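J.: Here you go, this is data_33.cif (mmCIF, C-alpha atoms).
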data_start
#
loop_
_atom_site.label_atom_id
_atom_site.label_comp_id
_atom_site.auth_asym_id
_atom_site.auth_seq_id
_atom_site.Cartn_x
_atom_site.Cartn_y
_atom_site.Cartn_z
CA MET A 1 0.00 0.00 0.00
CA ASP A 2 1.41 3.37 -1.05
CA LEU A 3 1.03 5.90 1.76
CA GLU A 4 2.94 8.66 -0.03
CA PRO A 5 0.77 11.64 -1.04
CA ARG A 6 0.24 11.85 -4.76
CA ARG A 7 2.29 14.47 -6.43
CA VAL A 8 0.51 16.49 -9.03
CA SER A 9 2.64 17.09 -12.06
CA ARG A 10 3.41 20.67 -12.98
CA GLU A 11 1.63 20.17 -16.30
CA HIS A 12 -1.53 18.90 -14.59
CA ALA A 13 -1.45 21.85 -12.16
CA ARG A 14 -0.96 24.30 -15.05
CA VAL A 15 -3.88 22.82 -17.01
CA SER A 16 -6.06 22.86 -13.92
CA LEU A 17 -5.28 26.52 -13.26
CA LYS A 18 -5.91 27.37 -16.91
CA ASN A 19 -9.29 25.61 -16.79
CA GLU A 20 -10.21 27.53 -13.64
CA ARG A 21 -9.32 30.86 -15.28
CA ILE A 22 -11.39 29.98 -18.33
CA ALA A 23 -14.33 28.96 -16.13
CA GLU A 24 -14.15 32.34 -14.35
CA LEU A 25 -14.23 34.20 -17.67
CA VAL A 26 -17.14 32.11 -18.97
CA ARG A 27 -19.33 32.05 -15.85
CA PRO A 28 -21.01 35.48 -16.37
CA PHE A 29 -22.32 34.32 -19.76
CA GLU A 30 -23.95 31.06 -18.73
CA GLY A 31 -27.63 30.55 -19.44
CA ARG A 32 -27.78 32.65 -22.58
CA LYS A 33 -28.70 31.74 -26.15
CA HIS A 34 -25.10 31.35 -27.35
CA ASP A 35 -22.41 29.18 -25.82
CA PRO A 36 -20.88 31.09 -22.90
CA HIS A 37 -17.38 30.48 -24.31
CA TYR A 38 -18.40 32.23 -27.53
CA LEU A 39 -19.74 35.21 -25.59
CA ALA A 40 -16.72 35.32 -23.27
CA PHE A 41 -14.48 35.42 -26.34
CA PHE A 42 -15.99 38.76 -27.38
CA ALA A 43 -15.85 40.19 -23.87
CA CYS A 44 -12.16 39.32 -23.59
CA PHE A 45 -11.34 40.49 -27.11
CA ASN A 46 -13.02 43.85 -26.59
CA GLN A 47 -11.08 44.37 -23.34
CA GLY A 48 -7.80 43.76 -25.16
CA LYS A 49 -7.36 40.39 -23.49
CA PHE A 50 -6.53 38.66 -26.76
CA TYR A 51 -4.68 35.71 -25.28
CA GLU A 52 -7.60 35.00 -22.95
CA ALA A 53 -10.06 35.37 -25.85
CA HIS A 54 -8.08 32.77 -27.77
CA GLU A 55 -8.00 30.39 -24.79
CA VAL A 56 -11.71 30.73 -24.01
CA LEU A 57 -12.85 29.97 -27.55
CA GLU A 58 -10.30 27.21 -28.05
CA LYS A 59 -12.06 25.30 -25.27
CA ILE A 60 -15.14 24.76 -27.50
CA TRP A 61 -13.30 24.83 -30.80
CA LEU A 62 -11.17 21.73 -30.18
CA PRO A 63 -14.02 19.24 -29.71
CA LYS A 64 -16.24 20.90 -32.36
CA ARG A 65 -13.74 22.04 -34.99
CA HIS A 66 -15.22 19.76 -37.67
CA GLU A 67 -18.78 20.96 -37.09
CA ALA A 68 -20.61 23.75 -38.94
CA ASN A 69 -19.04 26.62 -36.97
CA GLY A 70 -15.58 25.10 -36.74
CA GLY A 71 -14.20 27.49 -39.35
CA LEU A 72 -15.87 30.47 -37.69
CA ASN A 73 -14.23 29.64 -34.38
CA THR A 74 -10.92 28.94 -36.13
CA GLY A 75 -11.03 32.37 -37.74
CA LEU A 76 -11.91 34.12 -34.49
CA ILE A 77 -9.12 32.30 -32.64
CA GLN A 78 -6.68 33.31 -35.38
CA LEU A 79 -7.90 36.91 -35.16
CA ALA A 80 -7.26 36.97 -31.42
CA GLY A 81 -3.87 35.32 -32.00
CA ALA A 82 -2.96 38.02 -34.50
CA PHE A 83 -3.50 40.67 -31.84
CA VAL A 84 -1.44 38.69 -29.34
CA HIS A 85 1.39 38.87 -31.88
CA LEU A 86 0.81 42.59 -32.39
CA GLN A 87 0.97 43.14 -28.63
CA LYS A 88 4.32 41.37 -28.62
CA GLY A 89 5.65 43.18 -31.69
CA ARG A 90 5.65 40.12 -33.94
CA LEU A 91 4.34 41.81 -37.06
CA ARG A 92 4.78 39.16 -39.75
CA PRO A 93 3.12 36.38 -37.72
CA ALA A 94 0.31 38.84 -36.92
CA GLY A 95 -0.19 39.53 -40.62
CA ALA A 96 -0.18 35.83 -41.46
CA LEU A 97 -2.85 35.13 -38.83
CA LEU A 98 -4.97 38.06 -40.01
CA LYS A 99 -4.93 36.58 -43.51
CA LEU A 100 -5.84 33.11 -42.23
CA ALA A 101 -8.64 34.55 -40.10
CA LYS A 102 -10.03 36.42 -43.09
CA GLU A 103 -9.94 33.24 -45.16
CA HIS A 104 -11.75 31.15 -42.54
CA LEU A 105 -14.37 33.79 -41.76
CA GLY A 106 -14.98 34.39 -45.47
CA HIS A 107 -16.79 31.05 -45.74
CA TYR A 108 -19.73 32.33 -43.69
CA PRO A 109 -22.60 34.66 -44.58
CA ALA A 110 -22.27 38.39 -43.89
CA ALA A 111 -24.25 38.01 -40.66
CA HIS A 112 -23.65 34.80 -38.74
CA GLU A 113 -24.10 33.85 -35.08
CA GLY A 114 -24.82 37.47 -34.20
CA LEU A 115 -21.61 38.70 -35.79
CA ASP A 116 -21.38 41.13 -38.71
CA LEU A 117 -18.64 39.38 -40.66
CA ASP A 118 -18.49 42.15 -43.28
CA ARG A 119 -17.49 44.49 -40.47
CA VAL A 120 -14.93 41.98 -39.18
CA GLU A 121 -13.46 41.71 -42.68
CA LYS A 122 -13.11 45.50 -42.81
CA LEU A 123 -11.37 45.44 -39.44
CA ILE A 124 -8.96 42.76 -40.68
CA ASN A 125 -8.33 44.60 -43.95
CA GLY A 126 -7.59 47.82 -42.09
CA TRP A 127 -5.02 46.19 -39.83
CA LEU A 128 -3.45 44.32 -42.75
CA GLU A 129 -3.23 47.54 -44.75
CA GLN A 130 -1.44 49.25 -41.86
CA LEU A 131 1.02 46.37 -41.50
CA GLU A 132 1.71 46.16 -45.23
CA SER A 133 2.00 49.92 -45.77
CA GLY A 134 4.60 49.97 -42.99
CA LEU A 135 6.40 47.06 -44.65
CA TYR A 136 5.92 45.08 -41.43
CA GLU A 137 8.37 47.41 -39.69
CA ARG A 138 5.85 49.67 -37.92
CA ASN A 139 3.46 48.22 -35.37
CA PRO A 140 0.06 49.87 -35.85
CA PHE A 141 -1.11 48.45 -32.55
CA THR A 142 1.40 50.43 -30.52
CA ALA A 143 1.15 53.61 -32.58
CA LYS A 144 0.03 56.66 -30.67
CA GLY A 145 -3.74 56.97 -30.82
CA ALA A 146 -4.21 53.49 -32.31
CA PRO A 147 -7.81 52.41 -31.78
CA MET A 148 -8.50 49.25 -29.80
CA PRO A 149 -9.98 46.68 -32.15
CA GLY A 150 -13.50 45.71 -31.21
CA LEU A 151 -16.03 43.10 -32.25
CA GLU A 152 -19.72 43.70 -31.83
CA LEU A 153 -22.32 40.99 -31.43
CA GLN A 154 -25.96 41.58 -32.35
CA LEU A 155 -27.85 39.35 -29.94
#
Show me, as C-alpha cells, the structure contained in the file I just sent.
T.:
Amino acid sequence: MDLEPRRVSREHARVSLKNERIAELVRPFEGRKHDPHYLAFFACFNQGKFYEAHEVLEKIWLPKRHEANGGLNTGLIQLAGAFVHLQKGRLRPAGALLKLAKEHLGHYPAAHEGLDLDRVEKLINGWLEQLESGLYERNPFTAKGAPMPGLELQL
C-alpha cells in the first residue's frame, strides 16, 4: 500500500489553473442563447485580453472544430492570435494570422451567429493595410492613438 501523497505534475497543475481561469471568464455568460465560451471570447477580445479570448474559444473549438461553426471559431481564434502577436511586436506572424482569419471567416454569410462578418473583414483589412503599408516594420497596434480593435455581437 502506497502511503505517499500523490504528487501532481506541474503540467496537470498548469492545465487545472488554466481551466479555472477559463471557467471564471465564462461564468457570467452562462444561461444565454449562445455558448458562454463564444460570448466570453468577445468580452475578452473587446477588453484587449486577446490571449484569454483565444484560450476561451479554443475550449469549445477543439471538440467541435469539424462541425458547422468550426471554421468560424478557427477564424476568431486566429484573429485573437494576430492581436497577441501585435501586442508582442511580432508583425509578420500577426499579418499571417490576419490573412488566415479572413480566409476562414470568409466562408460564412455576412451576418452569422450574431456577428457582422463584413465588419470583421473591414477590421482585418484595415489592420493588414497598416502592416503592409509599414512594410511590417511599424506596429500599428502600438502607434500613438491606435484604436483598440473591437467586435460587436448583435444578440
J.: Suppose you want the space between atom CA of A:Asn125 and atom CA of A:Leu62; what is it in Å?
T.: 26.8 Å
J.: Edge lengths and centre, in Å to one decimal, as lines of an AutoDock Vina configuration file: that's what I need for the box along x, y and z that holds all listed atoms of stretch 62-68 of chain A plus 4 Å on each side.
T.:
center_x = -15.9
center_y = 21.5
center_z = -34.3
size_x = 17.4
size_y = 12.5
size_z = 17.2
J.: So, counting only C-alpha atoms, which residue among A:Lys144, A:Phe50, A:Ile22, A:Phe42 is closest to A:Gln87?
T.: A:Phe50
J.: Just checking: using all atoms listed in the file, which residue out of A:Leu91, A:Ala68, A:Leu153, A:Val56 ends up closest to A:Ala111?
T.: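 Counting all atoms listed in the file, the residue closest to A:Ala111 is A:Leu153.
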J.: Report as a list in words the residues that result from applying the PyMOL selection byres ((chain A and resi 53) around 10) to the structure here.
T.: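 So the PyMOL selection byres ((chain A and resi 53) around 10) ends up selecting Ile22, Leu25, His37, Tyr38, Leu39, Ala40, Phe41, Phe42, Ala43, Cys44, Phe45, Asn46, Gln47, Gly48, Lys49, Phe50, Tyr51, Glu52, His54, Glu55, Val56, Leu57, Glu58, Leu76, Ile77, Leu79, Ala80, Gly81 and Val84 of chain A.
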J.: So which one's closest to A:Ala110, A:Arg92, A:Val26, A:Gly134, A:Leu72? Using all atoms listed in the file, please.
T.: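 Nearest candidate to A:Ala110 out of A:Arg92, A:Val26, A:Gly134, A:Leu72: A:Leu72.
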J.: When you count all atoms listed in the file, which of these residues is closest to A:Pro36: A:Asp116, A:Glu121, A:Glu152, A:Glu24?
T.: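 Between A:Asp116, A:Glu121, A:Glu152, A:Glu24, the residue approaching A:Pro36 most closely is A:Glu24.
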J.: Pick from A:Ala146, A:Leu131, A:Ala94, A:Leu151: nearest to A:Leu117, with only C-alpha atoms counted?
T.: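 Among the listed residues, the smallest separation from A:Leu117 belongs to A:Leu151.
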J.: Could you tell me how far atom CA of A:Pro28 sits from atom CA of A:Leu155, in Å to one decimal place?
T.: 15.7 Å
J.: Given the PyMOL selection byres ((chain A and resi 142) around 12) and the file above, list the residues it selects as number ranges by chain.
T.: A: 83, 85-91, 130-131, 137-141, 143-148
J.: Rank nothing, just name the residue among A:Ile60, A:Arg65, A:Ala96, A:Pro149 nearest to A:Val120, using only C-alpha atoms.
T.: A:Pro149
J.: What separation in Å, quoted to one decimal, exists between atom CA of A:Leu17 and atom CA of A:Pro93?
T.: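 Separation between atom CA of A:Leu17 and atom CA of A:Pro93: 27.7 Å.
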J.: Would you kindly return, as a VMD selection string, each protein, DNA or RNA residue with an atom no farther than 10 Å from any atom of A:His107, considering all atoms listed in the file and excluding same-chain residues fewer than 2 positions away?
T.: chain A and resid 71 to 72 75 102 to 105 109 to 110 117
